[in-house]
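Shown next: data-v6.txt, given as compact mmCIF, C-alpha atoms.
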# COMPACT_ATOMS: atom_id res chain seq x y z
CA MET A 23 21.04 -1.66 -11.99
CA ALA A 24 19.60 -3.18 -8.82
CA GLN A 25 18.39 -6.64 -7.94
CA VAL A 26 14.92 -6.27 -6.38
CA VAL A 27 12.89 -8.97 -4.62
CA ILE A 28 9.16 -8.36 -4.08
CA VAL A 29 7.76 -10.68 -1.41
CA GLY A 30 4.01 -10.89 -1.86
CA CYS A 31 4.02 -9.97 -5.52
CA GLY A 32 0.29 -9.46 -5.99
CA ASP A 33 -1.54 -6.60 -7.67
CA VAL A 34 0.58 -3.67 -6.46
CA GLY A 35 3.72 -5.80 -6.46
CA SER A 36 3.19 -6.80 -10.10
CA ARG A 37 2.66 -3.17 -11.08
CA LEU A 38 5.85 -2.26 -9.23
CA ALA A 39 7.74 -5.09 -10.93
CA ALA A 40 6.72 -3.82 -14.36
CA GLN A 41 7.82 -0.27 -13.51
CA LEU A 42 11.15 -1.45 -12.12
CA GLN A 43 11.85 -3.53 -15.21
CA GLN A 44 11.20 -0.50 -17.39
CA ALA A 45 13.87 1.29 -15.35
CA GLY A 46 16.32 -1.54 -16.06
CA HIS A 47 16.27 -3.37 -12.71
CA THR A 48 16.17 -7.14 -12.30
CA VAL A 49 13.08 -8.27 -10.38
CA THR A 50 12.15 -11.48 -8.58
CA GLY A 51 8.53 -11.90 -7.50
CA VAL A 52 7.88 -14.19 -4.53
CA ARG A 53 4.44 -15.78 -4.23
CA ARG A 54 2.94 -18.81 -2.52
CA SER A 55 1.22 -19.79 -5.75
CA ALA A 56 2.63 -20.12 -9.23
CA ALA A 57 0.39 -17.35 -10.57
CA SER A 58 1.63 -15.46 -13.59
CA LEU A 59 3.79 -12.38 -13.16
CA PRO A 60 4.68 -9.63 -15.64
CA ALA A 61 6.87 -10.79 -18.51
CA GLY A 62 10.53 -10.87 -17.57
CA VAL A 63 9.97 -11.12 -13.82
CA GLN A 64 11.66 -14.12 -12.24
CA ALA A 65 8.99 -16.08 -10.33
CA LEU A 66 9.92 -17.72 -7.04
CA GLN A 67 7.28 -19.89 -5.39
CA ALA A 68 7.84 -19.78 -1.64
CA ASP A 69 5.92 -19.51 1.63
CA VAL A 70 6.94 -16.86 4.16
CA GLY A 71 5.62 -19.21 6.85
CA VAL A 72 8.65 -21.45 6.32
CA ALA A 73 11.83 -20.61 8.23
CA ALA A 74 14.26 -22.29 5.81
CA CYS A 75 15.48 -20.11 2.95
CA PRO A 76 14.14 -21.26 -0.45
CA ALA A 77 16.70 -23.21 -2.46
CA ASP A 78 16.36 -20.85 -5.43
CA TRP A 79 16.61 -17.62 -3.43
CA PRO A 80 18.56 -15.02 -5.45
CA ALA A 81 22.30 -14.87 -4.86
CA GLN A 82 22.12 -11.07 -4.67
CA VAL A 83 19.37 -8.87 -3.24
CA ASP A 84 19.74 -5.09 -3.18
CA TYR A 85 16.17 -4.12 -2.32
CA LEU A 86 13.47 -6.20 -0.71
CA VAL A 87 9.84 -5.05 -0.80
CA TYR A 88 7.67 -6.90 1.74
CA ALA A 89 4.11 -6.53 0.44
CA VAL A 90 2.19 -9.57 1.65
CA ALA A 91 -1.55 -9.64 2.23
CA ALA A 92 -2.88 -11.34 5.35
CA GLY A 93 -6.00 -12.63 3.59
CA ALA A 94 -8.70 -14.38 5.61
CA GLY A 95 -8.13 -15.73 9.08
CA GLY A 96 -8.36 -12.70 11.34
CA GLU A 97 -5.77 -11.85 13.96
CA ALA A 98 -3.82 -15.11 13.60
CA ALA A 99 -3.43 -14.56 9.85
CA TYR A 100 -2.20 -10.99 10.40
CA GLN A 101 0.37 -12.14 12.96
CA ALA A 102 1.54 -14.98 10.72
CA GLY A 103 1.72 -12.92 7.55
CA TYR A 104 3.11 -9.62 8.73
CA VAL A 105 5.23 -10.40 11.79
CA GLU A 106 6.24 -14.06 11.60
CA GLY A 107 6.48 -13.98 7.82
CA LEU A 108 8.73 -10.93 7.89
CA ARG A 109 10.81 -12.55 10.62
CA ASN A 110 11.31 -15.60 8.41
CA VAL A 111 12.29 -13.54 5.37
CA LEU A 112 14.81 -11.61 7.47
CA GLY A 113 16.10 -15.03 8.47
CA TRP A 114 16.47 -15.97 4.80
CA LEU A 115 18.67 -12.91 4.30
CA ALA A 116 20.74 -13.85 7.34
CA GLN A 117 21.13 -17.45 6.16
CA CYS A 118 22.52 -16.14 2.86
CA GLY A 119 24.67 -13.45 4.49
CA GLN A 120 22.89 -10.71 2.54
CA GLN A 121 22.87 -7.04 3.45
CA LEU A 122 20.29 -4.91 1.68
CA LYS A 123 20.50 -1.39 0.41
CA ARG A 124 16.92 -1.00 1.69
CA LEU A 125 14.04 -3.02 3.07
CA LEU A 126 10.64 -1.51 2.25
CA PHE A 127 7.77 -2.77 4.40
CA VAL A 128 4.32 -2.08 2.97
CA SER A 129 2.02 -1.12 5.84
CA SER A 130 -1.31 0.69 6.13
CA THR A 131 -2.73 4.01 7.32
CA GLY A 132 -4.93 1.78 9.49
CA VAL A 133 -2.24 2.13 12.17
CA TYR A 134 -3.74 5.55 12.98
CA GLY A 135 -6.69 5.79 15.31
CA GLN A 136 -7.73 9.40 14.72
CA SER A 137 -11.48 9.71 14.25
CA ASP A 138 -12.36 13.42 14.10
CA GLY A 139 -11.07 14.34 10.65
CA GLN A 140 -7.64 15.45 11.86
CA TRP A 141 -4.72 15.77 9.48
CA VAL A 142 -2.09 13.13 10.13
CA ASP A 143 1.42 12.62 8.86
CA GLU A 144 4.32 10.25 9.53
CA ALA A 145 4.93 11.76 12.99
CA SER A 146 1.32 11.62 14.18
CA PRO A 147 0.44 9.33 17.12
CA THR A 148 -0.41 5.75 16.19
CA GLU A 149 -3.09 4.37 18.48
CA PRO A 150 -5.07 1.85 16.43
CA ALA A 151 -8.22 0.44 17.96
CA GLY A 152 -8.05 -2.95 16.24
CA TYR A 153 -5.62 -5.84 16.11
CA SER A 154 -4.70 -5.22 12.46
CA GLY A 155 -3.15 -1.83 13.17
CA ARG A 156 -1.35 -3.08 16.26
CA ILE A 157 0.16 -6.01 14.39
CA LEU A 158 1.26 -3.82 11.49
CA LEU A 159 3.00 -1.49 13.95
CA ALA A 160 4.80 -4.48 15.44
CA ALA A 161 5.91 -5.55 11.96
CA GLU A 162 7.12 -2.03 11.14
CA GLN A 163 9.20 -2.06 14.31
CA LEU A 164 10.61 -5.48 13.45
CA ALA A 165 11.73 -4.12 10.09
CA LEU A 166 13.34 -1.04 11.65
CA GLU A 167 15.19 -3.14 14.24
CA SER A 168 16.27 -5.84 11.79
CA GLY A 169 19.81 -4.62 11.23
CA GLN A 170 18.84 -3.89 7.61
CA PRO A 171 18.30 -0.28 6.50
CA ALA A 172 14.51 -0.08 6.40
CA SER A 173 11.52 2.16 5.75
CA TRP A 174 7.79 1.58 6.03
CA LEU A 175 5.19 2.81 3.56
CA ARG A 176 1.69 3.22 4.98
CA LEU A 177 -0.76 2.96 2.11
CA ALA A 178 -4.34 4.21 2.29
CA GLY A 179 -7.26 2.37 0.68
CA ILE A 180 -5.98 0.98 -2.61
CA TYR A 181 -8.32 1.10 -5.59
CA GLY A 182 -7.98 0.20 -9.24
CA PRO A 183 -9.11 -2.41 -11.77
CA ARG A 184 -11.12 -5.21 -10.17
CA ARG A 185 -11.35 -3.26 -6.92
CA GLY A 186 -14.95 -2.11 -7.23
CA TYR A 187 -16.15 -1.93 -3.62
CA LEU A 188 -17.12 1.75 -3.67
CA LEU A 189 -18.80 1.42 -7.06
CA LYS A 190 -21.03 -1.33 -5.66
CA GLN A 191 -21.79 0.87 -2.67
CA ALA A 192 -22.80 3.75 -4.96
CA GLN A 193 -24.93 1.50 -7.15
CA SER A 194 -26.77 0.19 -4.10
CA GLY A 195 -27.72 3.73 -3.07
CA ALA A 196 -25.60 3.56 0.06
CA ARG A 197 -25.03 6.77 1.97
CA ALA A 198 -22.39 7.72 4.49
CA GLU A 199 -22.21 9.88 7.58
CA PRO A 200 -21.27 13.51 6.85
CA LEU A 201 -17.56 14.33 7.19
CA GLN A 202 -16.49 10.70 7.53
CA PHE A 203 -13.13 11.27 5.83
CA THR A 204 -11.48 8.58 3.75
CA ASN A 205 -8.07 8.35 2.10
CA ARG A 206 -7.12 6.40 -0.98
CA ILE A 207 -4.41 5.72 -3.55
CA HIS A 208 -4.63 4.19 -7.00
CA ALA A 209 -2.74 0.89 -7.32
CA ASP A 210 -0.52 2.39 -10.05
CA ASP A 211 0.40 5.30 -7.77
CA ALA A 212 1.17 2.95 -4.87
CA ALA A 213 3.56 1.10 -7.17
CA SER A 214 5.13 4.29 -8.50
CA LEU A 215 5.78 5.55 -4.98
CA LEU A 216 7.61 2.33 -4.10
CA ALA A 217 9.59 2.67 -7.35
CA THR A 218 10.41 6.28 -6.41
CA LEU A 219 11.75 5.19 -3.02
CA ILE A 220 14.04 2.66 -4.71
CA ALA A 221 15.15 5.18 -7.32
CA GLN A 222 15.98 7.76 -4.65
CA ALA A 223 17.94 5.20 -2.63
CA GLU A 224 19.86 4.19 -5.77
CA GLN A 225 20.79 7.85 -6.26
CA GLY A 226 22.16 8.02 -2.73
CA ALA A 227 19.29 9.83 -1.05
CA ALA A 228 18.91 9.29 2.70
CA LEU A 229 15.39 7.93 3.01
CA GLU A 230 13.22 8.60 6.05
CA VAL A 231 12.07 5.68 8.19
CA GLY A 232 8.50 6.11 6.98
CA TYR A 233 6.20 7.55 4.33
CA LEU A 234 2.46 7.86 3.78
CA GLY A 235 1.13 6.64 0.44
CA VAL A 236 -2.04 8.61 -0.32
CA ASP A 237 -3.33 10.87 -3.06
CA ASP A 238 -3.59 14.65 -2.73
CA GLU A 239 -7.19 14.87 -1.60
CA PRO A 240 -8.73 13.11 1.40
CA ALA A 241 -12.48 13.34 0.98
CA PRO A 242 -15.70 12.62 2.88
CA LEU A 243 -17.06 9.21 1.89
CA ASP A 244 -20.52 10.65 1.20
CA GLU A 245 -18.95 13.07 -1.29
CA VAL A 246 -17.19 10.23 -3.12
CA LEU A 247 -20.37 8.15 -3.27
CA ALA A 248 -22.39 11.12 -4.55
CA TRP A 249 -19.80 11.81 -7.25
CA LEU A 250 -19.81 8.17 -8.37
CA ARG A 251 -23.62 8.16 -8.56
CA ALA A 252 -23.53 11.30 -10.70
CA GLU A 253 -20.96 9.76 -13.06
CA LEU A 254 -23.09 6.61 -13.32
CA GLY A 255 -26.36 8.51 -13.75
CA ILE A 256 -27.82 6.99 -10.58
CA ALA A 257 -30.43 8.81 -8.50
CA VAL A 258 -29.60 10.32 -5.14
CA GLY A 259 -28.78 7.63 -2.63
CA THR A 260 -31.70 6.39 -0.59
CA GLY A 261 -30.14 3.24 0.82
CA GLU A 262 -28.89 2.45 4.27
CA LEU A 263 -25.85 4.14 5.72
CA ALA A 264 -22.69 2.37 4.65
CA LYS A 265 -20.89 0.57 7.45
CA ARG A 266 -18.72 3.10 9.22
CA ARG A 267 -15.07 2.58 8.57
CA ALA A 268 -12.53 2.66 11.35
CA GLY A 269 -11.44 6.22 12.03
CA SER A 270 -11.88 9.46 10.14
CA LYS A 271 -8.68 11.26 9.26
CA ARG A 272 -6.97 13.19 6.50
CA CYS A 273 -3.56 11.81 5.55
CA SER A 274 -0.84 14.06 4.15
CA ASN A 275 1.49 12.99 1.33
CA GLN A 276 3.84 15.97 1.65
CA ARG A 277 6.85 13.85 2.63
CA ALA A 278 6.38 11.55 -0.36
CA ARG A 279 5.90 14.50 -2.69
CA ALA A 280 9.12 16.05 -1.35
CA LEU A 281 10.94 13.09 -2.96
CA GLY A 282 9.67 14.22 -6.35
CA TRP A 283 6.85 11.67 -6.48
CA GLN A 284 3.61 12.86 -8.07
CA PRO A 285 0.47 10.74 -8.16
CA GLN A 286 -0.89 10.11 -11.62
CA TYR A 287 -4.35 10.24 -10.04
CA PRO A 288 -4.24 13.15 -7.55
CA SER A 289 -7.83 12.64 -6.40
CA TYR A 290 -10.64 10.08 -6.56
CA ARG A 291 -12.15 11.98 -9.50
CA GLU A 292 -9.25 11.36 -11.91
CA GLY A 293 -8.78 7.79 -10.72
CA TYR A 294 -12.37 6.61 -10.83
CA ARG A 295 -13.10 8.50 -14.05
CA ALA A 296 -10.26 6.62 -15.75
CA LEU A 297 -11.53 3.31 -14.40
CA LEU A 298 -15.08 4.02 -15.50
CA ALA A 299 -13.82 4.93 -18.99
CA GLN A 300 -11.89 1.66 -19.13
CA LYS A 301 -14.85 -0.24 -17.68
CA ALA A 302 -12.25 -1.68 -15.33
CA LEU A 303 -14.23 -1.60 -12.10

Written form, structure tokens:
Amino acid sequence: MAQVVIVGCGDVGSRLAAQLQQAGHTVTGVRRSAASLPAGVQALQADVGVAACPADWPAQVDYLVYAVAAGAGGEAAYQAGYVEGLRNVLGWLAQCGQQLKRLLFVSSTGVYGQSDGQWVDEASPTEPAGYSGRILLAAEQLALESGQPASWLRLAGIYGPRRGYLLKQAQSGARAEPLQFTNRIHADDAASLLATLIAQAEQGAALEVGYLGVDDEPAPLDEVLAWLRAELGIAVGTGELAKRRAGSKRCSNQRARALGWQPQYPSYREGYRALLAQKAL
């Protein structure tokens, strides 16, 4: 069984850790704070902003999942978290003389700049309009040029328990522009896709340099809001137009599905219906 380190072991990382443990792997979760992690996960409190390798860094690392969140702070925080932080963690591996089986860098579909509802996949042009997408692309490239075997995973909008942004939008009566396409993935499915990548690598599969992490059904935002209102028994939206999100595209998960991965929540309907039933939004 493999030794897996998850740097930035937050919501998705904790779900991944639990799934990996069920598969028999040993997991270390790296966080800046001493927040609780799933039972059995070795907690390592460390800051990716520090160049020196933590004293309690694991003696063996087979897979490293870099899944930090930039948090507040704008462009400087993105650069520090995604590029400089990754550079430091790669330095930790070098200081310990460690060669990975695979580095998985968790990125975002925000690296795409398409705005007319086009279908995009891993080979589509990446021309982001904002600094966040440009910095994530730089971090992806750093991972690929690190000397470690690496892949990026571009996740769409993650939703799940305690991620109730769209529900609040629906409750407020917010509307959206027609055919403003959005893409999403449930937090459990994001974790299971990362687990699938590790499982495939363990079985000797030759992973691609990149994958898109999305469900099966991109959908117009106004359609999603209308569906949520219907489920909640709320009248037709009469509020202001929701703030337009960057871009409008339809992301394909065919490459991820070709690995054998199947989302538990193939569309927003299954995912949000489960959350509403659990009153988890």

Here's a test: counting only C-alpha atoms, identify every protein, DNA and RNA residue with an atom at most 10 Å from (-10.0, 6.6, 16.8) in the file's coordinate frame, and state them as a list in words.
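Result, sorted by chain then residue number: Tyr134, Gly135, Gln136, Ser137, Asp138, Gly139, Thr148, Glu149, Pro150, Ala151, Gly152, Ala268, Gly269, Ser270 and Lys271 of chain A.
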
Extending 4 Å beyond the listed atoms of stretch 35-42 of chain A on each side, what axis-aligned box results? I want centre and edge lengths in Å to one decimal, as JSON.
{"center_x": 6.9, "center_y": -3.5, "center_z": -10.4, "size_x": 16.5, "size_y": 14.5, "size_z": 15.9}

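The list of residues with at least one atom within 10 Å of A:Leu158, based on only C-alpha atoms and without residues fewer than 5 positions apart in the same chain, reads A:Tyr100, A:Gln101, A:Gly103, A:Tyr104, A:Val105, A:Phe127, A:Val128, A:Ser129, A:Ser130, A:Thr131, A:Gly132, A:Val133, A:Pro150, A:Tyr153, A:Gln163, A:Leu164, A:Arg176.
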
Among A:Pro80, A:Gly62, A:Pro147, A:Gly182, A:Tyr287 is approached most closely, using all atoms listed in the file, by A:Gly182

Proximity check stretch 127-185 of chain A to stretch 227-235 of chain A, 8 Å, nearest pairs one decimal Å, all atoms listed in the file, as a Markdown table:
| residue | atom | partner | partner_atom | distance |
| --- | --- | --- | --- | --- |
| A:Thr131 | CA | A:Leu234 | CA | 7.4 |
| A:Asp143 | CA | A:Leu234 | CA | 7.0 |
| A:Glu144 | CA | A:Tyr233 | CA | 6.2 |
| A:Leu166 | CA | A:Val231 | CA | 7.7 |
| A:Ala172 | CA | A:Val231 | CA | 6.5 |
| A:Ser173 | CA | A:Val231 | CA | 4.3 |
| A:Trp174 | CA | A:Gly232 | CA | 4.7 |
| A:Leu175 | CA | A:Tyr233 | CA | 4.9 |
| A:Arg176 | CA | A:Leu234 | CA | 4.9 |
| A:Leu177 | CA | A:Gly235 | CA | 4.5 |
| A:Ala178 | CA | A:Gly235 | CA | 6.3 |

Pick from A:Pro183, A:Gly95, A:Gly51, A:Gly169: nearest to A:Asp210, with all atoms listed in the file counted?
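Closest candidate: A:Pro183.
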
Rounded to one decimal, what separation in Å do you get between atom CA of A:Glu253 and atom CA of A:Arg197?
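Straight-line distance from atom CA of A:Glu253 to atom CA of A:Arg197 works out to 15.9 Å.
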